[in-house]
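A.B. asks: Here's a structure for you.
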Amino acid sequence: MCGIIGFAGRENAVPIIVEGLKRLEYRGYDSAGIAVYDGAKFAVTKKKGRLAELANEVDTNPISGNTGIGHTRWATHGEPSDINSHPHLGSGSRIAIVHNGIIENYKQLKEWLEGKGIKFVSQTDSEVIAQLAEHYYDGDLIDTVVKVTAALEGSYALGIMCLDEPNIMVATKKDNPLIVGISSKGNFIASDVPAILSHTNQVYYLDDKEIAILTNEEVKFLNMDKEHVEKSVETISWSLDSAEKGGYAHFMLKEIMEQPKVLRETIQAALAGGDLIEGLDISAFNKIVITACGSAYNAGVVGKYVIERLCRVSVEVELASEFRYKDPIVDDKTLVILISQSGETADTIAAMREAKARGASTLAIVNVVGSTIAKEADHTIYTSAGPEIAVATTKVFSAQLILLYILAVDFAVKLGKLDIEGKERLLAEIGALPDKVNEILESIDDIQKYASQCIGYKSIFFIGRNVDYAIALEGSLKLKEISYIHSEAYAGGELKHGPIALIEDNTLVVAISCCPGLKPKIFSNVEQVISRGAKVLFVGTDSVDEDDKLSLIKLPMVEELFSPSLSVIVLQLFSYYVAANKGLDIDKPRNLAKSVTVE
């Protein structure tokens, strides 16, 4: 959450930082700010609201300097406001900082500093860092950073400047992402690659408790003992074009339309060469636990159905935000699968570390090479989705499903539950999914037309059974994320146990039916809700007789275990067009952030 960019170079940092902040908007924010060293002092501009407010302010009242830091804030402590925006300065205006994360002991530190006469101006936890740094500073910024971080409890990614050492910028992190970029024009820090990709594709990934020291000429890395650390530079293989809209109205629509390509590349990468996960003996485990948050959790629910059906191994799906607080029953006979787009999801990182501490083996499915989860998990496989900019995930979710299918097939073969003929049949079914997704994307008029009629609904319900229920969870989440329409997903058989009380005239129910053996059951649910006044959108592989109460979106035929990869495309498009018809800010829905890097 939030976004950081910093630049130490040989030209004005302000336009570089503003451009970088624009490329970090997808992370979610409610205010933005910038601080540069102008040759005499820190020139600071901070504004509540969209980044355009900040850009207008620096155009109207220009500031300039060759070293600077910028920030997009997503409020945790203190309401969105100009004062609570970053960067924050110490009370003597000699230290400037930007911070992503949460400082858990900020109240104690604030009270201690106030007892020494230091005055605070904001409501944030982050100002404590600037005030503490200024209090500790004795002429050596690196010593100060070591002292400050030793005092902090919680998570942080920090960019720090000091008026007495104006030619350097210092960065460090713990449990929050931060990268360092190098270029001929100067050097950068950033929360994510898109912020600096127009200037360089050469980056270092900071590890926790490492310190980066940047000047306009060089970058050095130290540990907290101030010892030199050797790091290898990484080359980013994707281009900035991947993070542009490419003529689409929104990133979300572009990313929906990219899914056939993403699925092909994820399949090819997973099946290229030898063993999918080298060194992992699936027969060593008596239980699998999948843990994740948000849409990644929903992918895990699909994965549970598929893995259990093919492998006959017990699979539990746990919300990562609950996992470490429930005294989980995992041990050295448990495989814990972690799913995260960014690889930096705070709750999933915590779940991974809890699982490892209890002796479990960990397998990560992530989209970002060099991310915390990718580096710390025992085994990692990657979705080949490229950068995903829209807050509401689409293409990464679909790639996660593909890897879970392939993983299930691989495990089933190794466990002797699937013969070679069965393996080849299922892999062929998986290999056909990109073309079937493309078939849906080439005929979206019916979805768009139906969605145009749905903006007046106050509640929309999703129902399904088996894997159809699993994907109903994602359809409901996607709709509420971007359209702000209340929605819920229910297993079809649970309707009569309470939820059917919510059905009334002109309620909309989206029914998903891709499991042939369960069609009579789900259609019985459809008849039950229609008889109580509901209208139904039926998404499935079989035909139904349409009328004024029942509409059909027909899917290509598909192996039922893999059908979520088709039905989710319809649900994504439905949600997108409902939100578009309401004129909403689809790529940046209110109160949400792309990467949830705080608890």
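Residue names in the structure tokens use chain letters A, B, ... in the order shown, residue numbers from 1 in each chain, and ligand numbers from 1 in the order shown.
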With only C-alpha atoms as the counted atoms, please give the residues lying no more than 9 Å from Pro328 of chain A, apart from itself and same-chain residues fewer than 2 positions off, as a list in words.
C.D. replies: Phe323, Arg324, Tyr325, Lys326, Val330, Glu354, Ala355 and Arg358 of chain A
A.B. asks: DSSP on the backbone, strand (DSSP E or B) only: what residues of segment 353-574 of chain A does that give? Format it as a count of residues only.
C.D. replies: 39
A.B. asks: Kindly indicate which residue among A:Asp82, A:Asp59, A:Asp30, A:Asp410 lies nearest to Gly3 of chain A, using only C-alpha atoms for the distances.
C.D. replies: A:Asp30
A.B. asks: Write out as a Markdown table the residues of segment 257-277 of chain A that have any atom within 8 Å of an atom of segment 418-441 of chain A, one row each with the nearest atom pair and its distance in Å to one decimal, counting only C-alpha atoms, sorted by chain and then rising number.
C.D. replies:
```
| residue | atom | partner | partner_atom | distance |
| --- | --- | --- | --- | --- |
| A:Met257 | CA | A:Leu441 | CA | 6.8 |
| A:Gln259 | CA | A:Pro434 | CA | 7.5 |
| A:Pro260 | CA | A:Pro434 | CA | 4.4 |
| A:Lys261 | CA | A:Pro434 | CA | 7.2 |
| A:Leu263 | CA | A:Pro434 | CA | 5.8 |
| A:Arg264 | CA | A:Pro434 | CA | 6.1 |
| A:Ile267 | CA | A:Gly431 | CA | 7.1 |
```
A.B. asks: Output N, CA, C and O atoms for every residue in that selection, as an mmCIF file, in the first residue's frame.
C.D. replies:
```
data_model
loop_
_atom_site.group_PDB
_atom_site.id
_atom_site.type_symbol
_atom_site.label_atom_id
_atom_site.label_comp_id
_atom_site.auth_asym_id
_atom_site.auth_seq_id
_atom_site.Cartn_x
_atom_site.Cartn_y
_atom_site.Cartn_z
ATOM 1 N N MET A 257 -8.458 -8.397 -21.287
ATOM 2 C CA MET A 257 -8.253 -8.793 -22.681
ATOM 3 C C MET A 257 -6.893 -9.469 -22.898
ATOM 4 O O MET A 257 -6.708 -10.183 -23.882
ATOM 5 N N GLN A 259 -5.707 -11.833 -21.111
ATOM 6 C CA GLN A 259 -5.666 -13.125 -20.436
ATOM 7 C C GLN A 259 -5.332 -14.321 -21.331
ATOM 8 O O GLN A 259 -4.614 -15.217 -20.875
ATOM 9 N N PRO A 260 -5.789 -14.385 -22.576
ATOM 10 C CA PRO A 260 -5.340 -15.529 -23.389
ATOM 11 C C PRO A 260 -3.819 -15.613 -23.494
ATOM 12 O O PRO A 260 -3.234 -16.694 -23.349
ATOM 13 N N LYS A 261 -3.173 -14.480 -23.705
ATOM 14 C CA LYS A 261 -1.704 -14.448 -23.797
ATOM 15 C C LYS A 261 -1.068 -14.839 -22.465
ATOM 16 O O LYS A 261 -0.105 -15.629 -22.433
ATOM 17 N N LEU A 263 -2.327 -16.690 -20.082
ATOM 18 C CA LEU A 263 -2.516 -18.115 -19.809
ATOM 19 C C LEU A 263 -1.560 -18.958 -20.636
ATOM 20 O O LEU A 263 -0.971 -19.922 -20.129
ATOM 21 N N ARG A 264 -1.404 -18.621 -21.918
ATOM 22 C CA ARG A 264 -0.458 -19.381 -22.763
ATOM 23 C C ARG A 264 0.945 -19.320 -22.190
ATOM 24 O O ARG A 264 1.640 -20.344 -22.103
ATOM 25 N N ILE A 267 1.268 -21.330 -18.916
ATOM 26 C CA ILE A 267 1.288 -22.768 -19.210
ATOM 27 C C ILE A 267 2.636 -23.177 -19.775
ATOM 28 O O ILE A 267 3.240 -24.172 -19.342
#
```
A.B. asks: Do a neighbour search on Ser31 of chain A at 10 Å with only C-alpha atoms, toss out local chain neighbours closer than 6 positions, and write the hits as a PyMOL selection string.
C.D. replies: chain A and resi 2+46-51+53-54+71-75+80-86
